[in-house]
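Novice: Sharing a structure, written as structure tokens. Questions coming.
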Amino acid sequence: MEEVIIYTDGACSGNPGPGGWSSILMYKENKKEISGGNPNTTNNIMEITAVIEALKLLKFPCNVKVYSDSAYVVNAFNNGWIYNWQKNNWKTADKKPVKNQELWQELYSLFKTHKVEFIKVKGHSDNEYNNRCDELARNAITSL
């Protein structure tokens, strides 16, 4: 399977408020930057959207490393929350509907197509690609 590295970020000006997302996809020596925004959204929605939009660009099943500074996204997979939500008919442990359920379902479907590893990175530190994603996501907000 081909290896793809993806960096993602989401940003919001106010929460909720105008938001932006971005992803950088790296495959062999190719690098692609994508981004978008929404005039009324939340930071968590933008974080999930960044991963979805990146995975949607992959044309065949890949080994994917997703680097994100969002504990919400990374922990949903690495701590097994997503599997429990799915098993419990998209309800949380306290029987409430999972927030952003449609996005989680779309992400889970894409996740199953690929072999995805989620890696937490420290936001706003010295990671070149995370910082670039942050810049792209913020630029997406200002261009709304």
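Just remember, in the structure tokens the first chain shown is A, the second B, etc., residues are 1-based per chain, and ligands are 1-based in the order shown.
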Residues at most 12 Å from Pro18 (chain A), counting only C-alpha atoms, excluding those fewer than 5 positions away in the same chain, as a list in words?
Specialist: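 Once the adjacent positions are removed, what remains is Gly10, Ala11, Cys12, Ser13, Gly36, Gly37, Asn38, Pro39, Asn40, Thr41, Thr42, Asn43, Ile45, Met46, Ala137, Arg138, Asn139, Ala140, Ile141, Thr142, Ser143 and Leu144 of chain A.
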Novice: Could you list, as an MDAnalysis selection string, every residue within 12 Å of Asn30 (chain A), counting only C-alpha atoms and ignoring same-chain residues fewer than 3 positions away?
Specialist: chainID A and resid 3:6 24:27 33
Novice: Using only C-alpha atoms, determine which residues lie at most 10 Å from region 79-85 of chain A, disregarding the query and same-chain residues fewer than 6 positions distant; provide the list as a VMD selection string.
Specialist: chain A and resid 72 to 73 91 to 93 95 97 to 98 101 104 to 105 107 to 108
Novice: Tell me, as a VMD selection string, which residues lie within 7 Å of region 53-61 of chain A, counting only C-alpha atoms; anything in the same chain fewer than 4 positions away does not count.
Specialist: chain A and resid 23 25 49 110 113 to 114
Novice: Point out the residue among A:Tyr129, A:Leu103, A:Asp94, A:Phe118 with the least atom-to-atom distance to Ser70 (chain A), counting only C-alpha atoms.
Specialist: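 Looking only at the distances to Ser70 (chain A), the closest residue turns out to be A:Phe118.
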Novice: So, counting only C-alpha atoms, which residue among A:Asp126, A:Glu135, A:Asn44, A:Asn63 is closest to Phe111 (chain A)?
Specialist: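 Checking each of A:Asp126, A:Glu135, A:Asn44, A:Asn63 against Phe111 (chain A), counting only C-alpha atoms, the winner is A:Asn63.
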Novice: Taking only chain A into account, list the residues labelled strand (DSSP E) by DSSP (computed from the backbone), as a ChimeraX atom specification.
Specialist: /A:3-12,17-27,30-41,63-68,115-120
Novice: Between CA of Lys65 (chain A) and CA of Val116 (chain A), measure the distance and give it in Å to one decimal.
Specialist: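 Going from CA of Lys65 (chain A) over to CA of Val116 (chain A), I get 5.9 Å.
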Novice: Pick out each residue of chain A that DSSP on the backbone tags as helix (DSSP H, G or I); I need them as a PyMOL selection string.
Specialist: chain A and resi 43-56+71-78+81-87+101-113+128-142
